[in-house]
Amino acid sequence: MRKIKLTLSERVEIPVGAVVDLPVSENVNVEYGFDTENYAVFYLRKSLALKGVIQLVHTPFPSGYFGKPTIVVKNDHVAPIELNQGD
């Protein structure tokens, strides 16, 4: 198992209640296994969840996937949330 940290490619401000796609800098490559199917999943960091960011899509990436994933989140806080490039 290999862990990859995904980071934002640009600054994003999420208004209260808004659902947005987060642009990421890294490509994800899910390689084929020799005798098993591989897949990848990603989760938000605890620090983002504590700010009120909720991850809305939890679809796994199948074997052979290559590209920049779409991360869909919602601001469930009472104030806008600012995420900086590199977060």
# chains A, B, ... in the order shown; residues from 1 in each chain; ligands from 1
>>> select_by_dssp(residues="chain A", states="strand (DSSP E)", output="number ranges by chain")
A: 12-14, 19-22, 28-29, 39-40, 53-55, 61-62, 66-67, 71-75, 81-83
>>> residues_around(residues="A:His77", least_positions_apart="4", cutoff="12 Å", atoms="only C-alpha atoms", output="tab-separated table (two decimals) with N, CA and C atoms, in the first residue's frame")
chain	number	residue	atom	x	y	z
A	14	ILE	N	-14.65	28.60	0.07
A	14	ILE	CA	-15.92	27.86	-0.01
A	14	ILE	C	-16.97	28.62	0.79
A	15	PRO	N	-17.95	29.21	0.12
A	15	PRO	CA	-19.01	29.92	0.83
A	15	PRO	C	-19.82	28.97	1.72
A	16	VAL	N	-20.52	29.52	2.68
A	16	VAL	CA	-21.34	28.73	3.59
A	16	VAL	C	-22.36	27.93	2.79
A	17	GLY	N	-22.42	26.63	3.04
A	17	GLY	CA	-23.39	25.75	2.39
A	17	GLY	C	-23.06	25.36	0.96
A	18	ALA	N	-21.97	25.88	0.41
A	18	ALA	CA	-21.63	25.62	-1.00
A	18	ALA	C	-20.99	24.24	-1.17
A	48	LEU	N	-9.22	19.55	8.22
A	48	LEU	CA	-10.23	20.13	7.34
A	48	LEU	C	-11.63	19.81	7.85
A	49	ALA	N	-11.83	18.61	8.33
A	49	ALA	CA	-13.13	18.22	8.87
A	49	ALA	C	-13.49	19.09	10.08
A	50	LEU	N	-12.51	19.41	10.90
A	50	LEU	CA	-12.76	20.25	12.08
A	50	LEU	C	-13.12	21.68	11.68
A	51	LYS	N	-12.73	22.11	10.48
A	51	LYS	CA	-13.11	23.44	9.98
A	51	LYS	C	-14.53	23.46	9.44
A	52	GLY	N	-15.12	22.28	9.21
A	52	GLY	CA	-16.47	22.21	8.67
A	52	GLY	C	-16.56	21.73	7.24
A	53	VAL	N	-15.44	21.23	6.70
A	53	VAL	CA	-15.42	20.71	5.33
A	53	VAL	C	-15.89	19.25	5.37
A	54	ILE	N	-16.89	18.93	4.53
A	54	ILE	CA	-17.42	17.58	4.46
A	54	ILE	C	-17.15	17.02	3.07
A	81	ILE	N	-15.01	29.21	4.29
A	81	ILE	CA	-13.76	28.50	4.60
A	81	ILE	C	-12.77	28.79	3.49
A	82	GLU	N	-11.56	29.18	3.86
A	82	GLU	CA	-10.49	29.44	2.90
A	82	GLU	C	-9.48	28.30	2.98
>>> atom_distance(atom1="atom CA of A:Thr36", atom2="atom CA of A:Thr7")
28.7 Å
>>> select_by_dssp(residues="chain A", states="alpha helix (DSSP H)", output="list in words")
Lys46, Ser47, Leu48, Ala49, Leu50 and Lys51 of chain A
>>> write_last_selection(atoms="N, CA, C and O atoms", output="PDB file, in the first residue's frame")
ATOM      1  N   LYS A  46      -8.195  15.369   9.080  1.00  0.00           N
ATOM      2  CA  LYS A  46      -8.991  15.718  10.261  1.00  0.00           C
ATOM      3  C   LYS A  46      -9.056  17.234  10.434  1.00  0.00           C
ATOM      4  O   LYS A  46     -10.100  17.783  10.796  1.00  0.00           O
ATOM      5  N   SER A  47      -7.968  17.935  10.146  1.00  0.00           N
ATOM      6  CA  SER A  47      -7.937  19.395  10.317  1.00  0.00           C
ATOM      7  C   SER A  47      -8.974  20.082   9.427  1.00  0.00           C
ATOM      8  O   SER A  47      -9.571  21.083   9.819  1.00  0.00           O
ATOM      9  N   LEU A  48      -9.218  19.550   8.218  1.00  0.00           N
ATOM     10  CA  LEU A  48     -10.234  20.128   7.342  1.00  0.00           C
ATOM     11  C   LEU A  48     -11.633  19.810   7.846  1.00  0.00           C
ATOM     12  O   LEU A  48     -12.529  20.657   7.801  1.00  0.00           O
ATOM     13  N   ALA A  49     -11.826  18.605   8.332  1.00  0.00           N
ATOM     14  CA  ALA A  49     -13.133  18.224   8.875  1.00  0.00           C
ATOM     15  C   ALA A  49     -13.486  19.092  10.085  1.00  0.00           C
ATOM     16  O   ALA A  49     -14.643  19.483  10.250  1.00  0.00           O
ATOM     17  N   LEU A  50     -12.507  19.409  10.898  1.00  0.00           N
ATOM     18  CA  LEU A  50     -12.756  20.254  12.076  1.00  0.00           C
ATOM     19  C   LEU A  50     -13.121  21.682  11.684  1.00  0.00           C
ATOM     20  O   LEU A  50     -13.762  22.388  12.456  1.00  0.00           O
ATOM     21  N   LYS A  51     -12.728  22.115  10.475  1.00  0.00           N
ATOM     22  CA  LYS A  51     -13.110  23.443   9.978  1.00  0.00           C
ATOM     23  C   LYS A  51     -14.535  23.460   9.437  1.00  0.00           C
ATOM     24  O   LYS A  51     -15.075  24.513   9.149  1.00  0.00           O
TER      25      LYS A  51
END
>>> closest_residue(among="A:Asn75, A:Gln85, A:Thr70, A:Ser63", to="A:Gly33", atoms="only C-alpha atoms")
A:Ser63
>>> residues_around(residues="A:Asn84", least_positions_apart="6", cutoff="9 Å", atoms="only C-alpha atoms", output="PyMOL selection string")
chain A and resi 8-13
>>> write_last_selection(atoms="all heavy atoms", output="PDB file, in the first residue's frame")
ATOM      1  N   LEU A   8      -3.906  21.052  -2.879  1.00  0.00           N
ATOM      2  CA  LEU A   8      -4.640  21.966  -3.760  1.00  0.00           C
ATOM      3  C   LEU A   8      -3.691  22.662  -4.728  1.00  0.00           C
ATOM      4  O   LEU A   8      -2.609  23.100  -4.337  1.00  0.00           O
ATOM      5  CB  LEU A   8      -5.373  23.021  -2.944  1.00  0.00           C
ATOM      6  CG  LEU A   8      -6.576  22.549  -2.135  1.00  0.00           C
ATOM      7  CD1 LEU A   8      -7.129  23.691  -1.299  1.00  0.00           C
ATOM      8  CD2 LEU A   8      -7.643  22.020  -3.058  1.00  0.00           C
ATOM      9  N   SER A   9      -4.135  22.792  -5.969  1.00  0.00           N
ATOM     10  CA  SER A   9      -3.309  23.467  -6.968  1.00  0.00           C
ATOM     11  C   SER A   9      -3.530  24.981  -6.962  1.00  0.00           C
ATOM     12  O   SER A   9      -2.772  25.722  -7.569  1.00  0.00           O
ATOM     13  CB  SER A   9      -3.599  22.916  -8.365  1.00  0.00           C
ATOM     14  OG  SER A   9      -4.949  23.135  -8.713  1.00  0.00           O
ATOM     15  N   GLU A  10      -4.589  25.426  -6.278  1.00  0.00           N
ATOM     16  CA  GLU A  10      -4.876  26.862  -6.183  1.00  0.00           C
ATOM     17  C   GLU A  10      -5.694  27.139  -4.921  1.00  0.00           C
ATOM     18  O   GLU A  10      -6.277  26.238  -4.335  1.00  0.00           O
ATOM     19  CB  GLU A  10      -5.638  27.342  -7.413  1.00  0.00           C
ATOM     20  CG  GLU A  10      -6.961  26.633  -7.629  1.00  0.00           C
ATOM     21  CD  GLU A  10      -7.597  26.979  -8.963  1.00  0.00           C
ATOM     22  OE1 GLU A  10      -6.987  26.718  -9.999  1.00  0.00           O
ATOM     23  OE2 GLU A  10      -8.729  27.507  -8.925  1.00  0.00           O
ATOM     24  N   ARG A  11      -5.718  28.401  -4.532  1.00  0.00           N
ATOM     25  CA  ARG A  11      -6.499  28.827  -3.365  1.00  0.00           C
ATOM     26  C   ARG A  11      -7.983  28.702  -3.682  1.00  0.00           C
ATOM     27  O   ARG A  11      -8.422  29.010  -4.789  1.00  0.00           O
ATOM     28  CB  ARG A  11      -6.167  30.281  -3.043  1.00  0.00           C
ATOM     29  CG  ARG A  11      -6.901  30.838  -1.858  1.00  0.00           C
ATOM     30  CD  ARG A  11      -6.660  32.359  -1.757  1.00  0.00           C
ATOM     31  NE  ARG A  11      -7.622  32.966  -0.881  1.00  0.00           N
ATOM     32  CZ  ARG A  11      -8.871  33.295  -1.204  1.00  0.00           C
ATOM     33  NH1 ARG A  11      -9.329  33.072  -2.408  1.00  0.00           N
ATOM     34  NH2 ARG A  11      -9.675  33.849  -0.329  1.00  0.00           N
ATOM     35  N   VAL A  12      -8.764  28.236  -2.696  1.00  0.00           N
ATOM     36  CA  VAL A  12     -10.205  28.077  -2.866  1.00  0.00           C
ATOM     37  C   VAL A  12     -10.912  28.655  -1.650  1.00  0.00           C
ATOM     38  O   VAL A  12     -10.514  28.394  -0.516  1.00  0.00           O
ATOM     39  CB  VAL A  12     -10.592  26.578  -3.001  1.00  0.00           C
ATOM     40  CG1 VAL A  12     -12.092  26.406  -3.081  1.00  0.00           C
ATOM     41  CG2 VAL A  12      -9.916  25.957  -4.199  1.00  0.00           C
ATOM     42  N   GLU A  13     -11.951  29.467  -1.882  1.00  0.00           N
ATOM     43  CA  GLU A  13     -12.815  29.916  -0.796  1.00  0.00           C
ATOM     44  C   GLU A  13     -14.168  29.246  -0.994  1.00  0.00           C
ATOM     45  O   GLU A  13     -14.746  29.307  -2.073  1.00  0.00           O
ATOM     46  CB  GLU A  13     -12.978  31.428  -0.770  1.00  0.00           C
ATOM     47  CG  GLU A  13     -13.792  31.872   0.437  1.00  0.00           C
ATOM     48  CD  GLU A  13     -13.786  33.373   0.654  1.00  0.00           C
ATOM     49  OE1 GLU A  13     -12.752  34.001   0.380  1.00  0.00           O
ATOM     50  OE2 GLU A  13     -14.821  33.887   1.090  1.00  0.00           O
TER      51      GLU A  13
END
>>> closest_residue(among="A:Pro62, A:Lys68, A:Glu26, A:Lys5", to="A:Tyr39", atoms="only C-alpha atoms")
A:Pro62
>>> residues_around(residues="A:Tyr65", least_positions_apart="6", cutoff="8 Å", atoms="only C-alpha atoms", output="ChimeraX atom specification")
/A:28-31
>>> write_last_selection(atoms="N, CA, C and O atoms", output="CSV table (one decimal), in the first residue's frame")
chain,number,residue,atom,x,y,z
A,28,VAL,N,-3.0,10.6,-9.8
A,28,VAL,CA,-3.2,9.4,-9.1
A,28,VAL,C,-3.0,8.3,-10.1
A,28,VAL,O,-3.7,8.3,-11.1
A,29,ASN,N,-2.2,7.3,-9.8
A,29,ASN,CA,-2.0,6.1,-10.7
A,29,ASN,C,-2.3,4.9,-9.9
A,29,ASN,O,-1.6,4.5,-9.0
A,30,VAL,N,-3.4,4.2,-10.2
A,30,VAL,CA,-3.8,3.0,-9.6
A,30,VAL,C,-3.3,1.8,-10.5
A,30,VAL,O,-4.0,1.6,-11.5
A,31,GLU,N,-2.3,1.2,-10.1
A,31,GLU,CA,-1.7,0.1,-11.0
A,31,GLU,C,-2.5,-1.2,-10.9
A,31,GLU,O,-3.1,-1.4,-9.9
>>> residues_around(residues="A:Thr59", least_positions_apart="4", cutoff="12 Å", atoms="only C-alpha atoms", output="list of chain:residue names")
A:Tyr39, A:Ala40, A:Val41, A:Phe42, A:Tyr43, A:Gln55, A:Pro69, A:Thr70, A:Ile71, A:Val72
>>> atom_distance(atom1="atom CA of A:Glu37", atom2="atom CA of A:Gly64")
9.6 Å
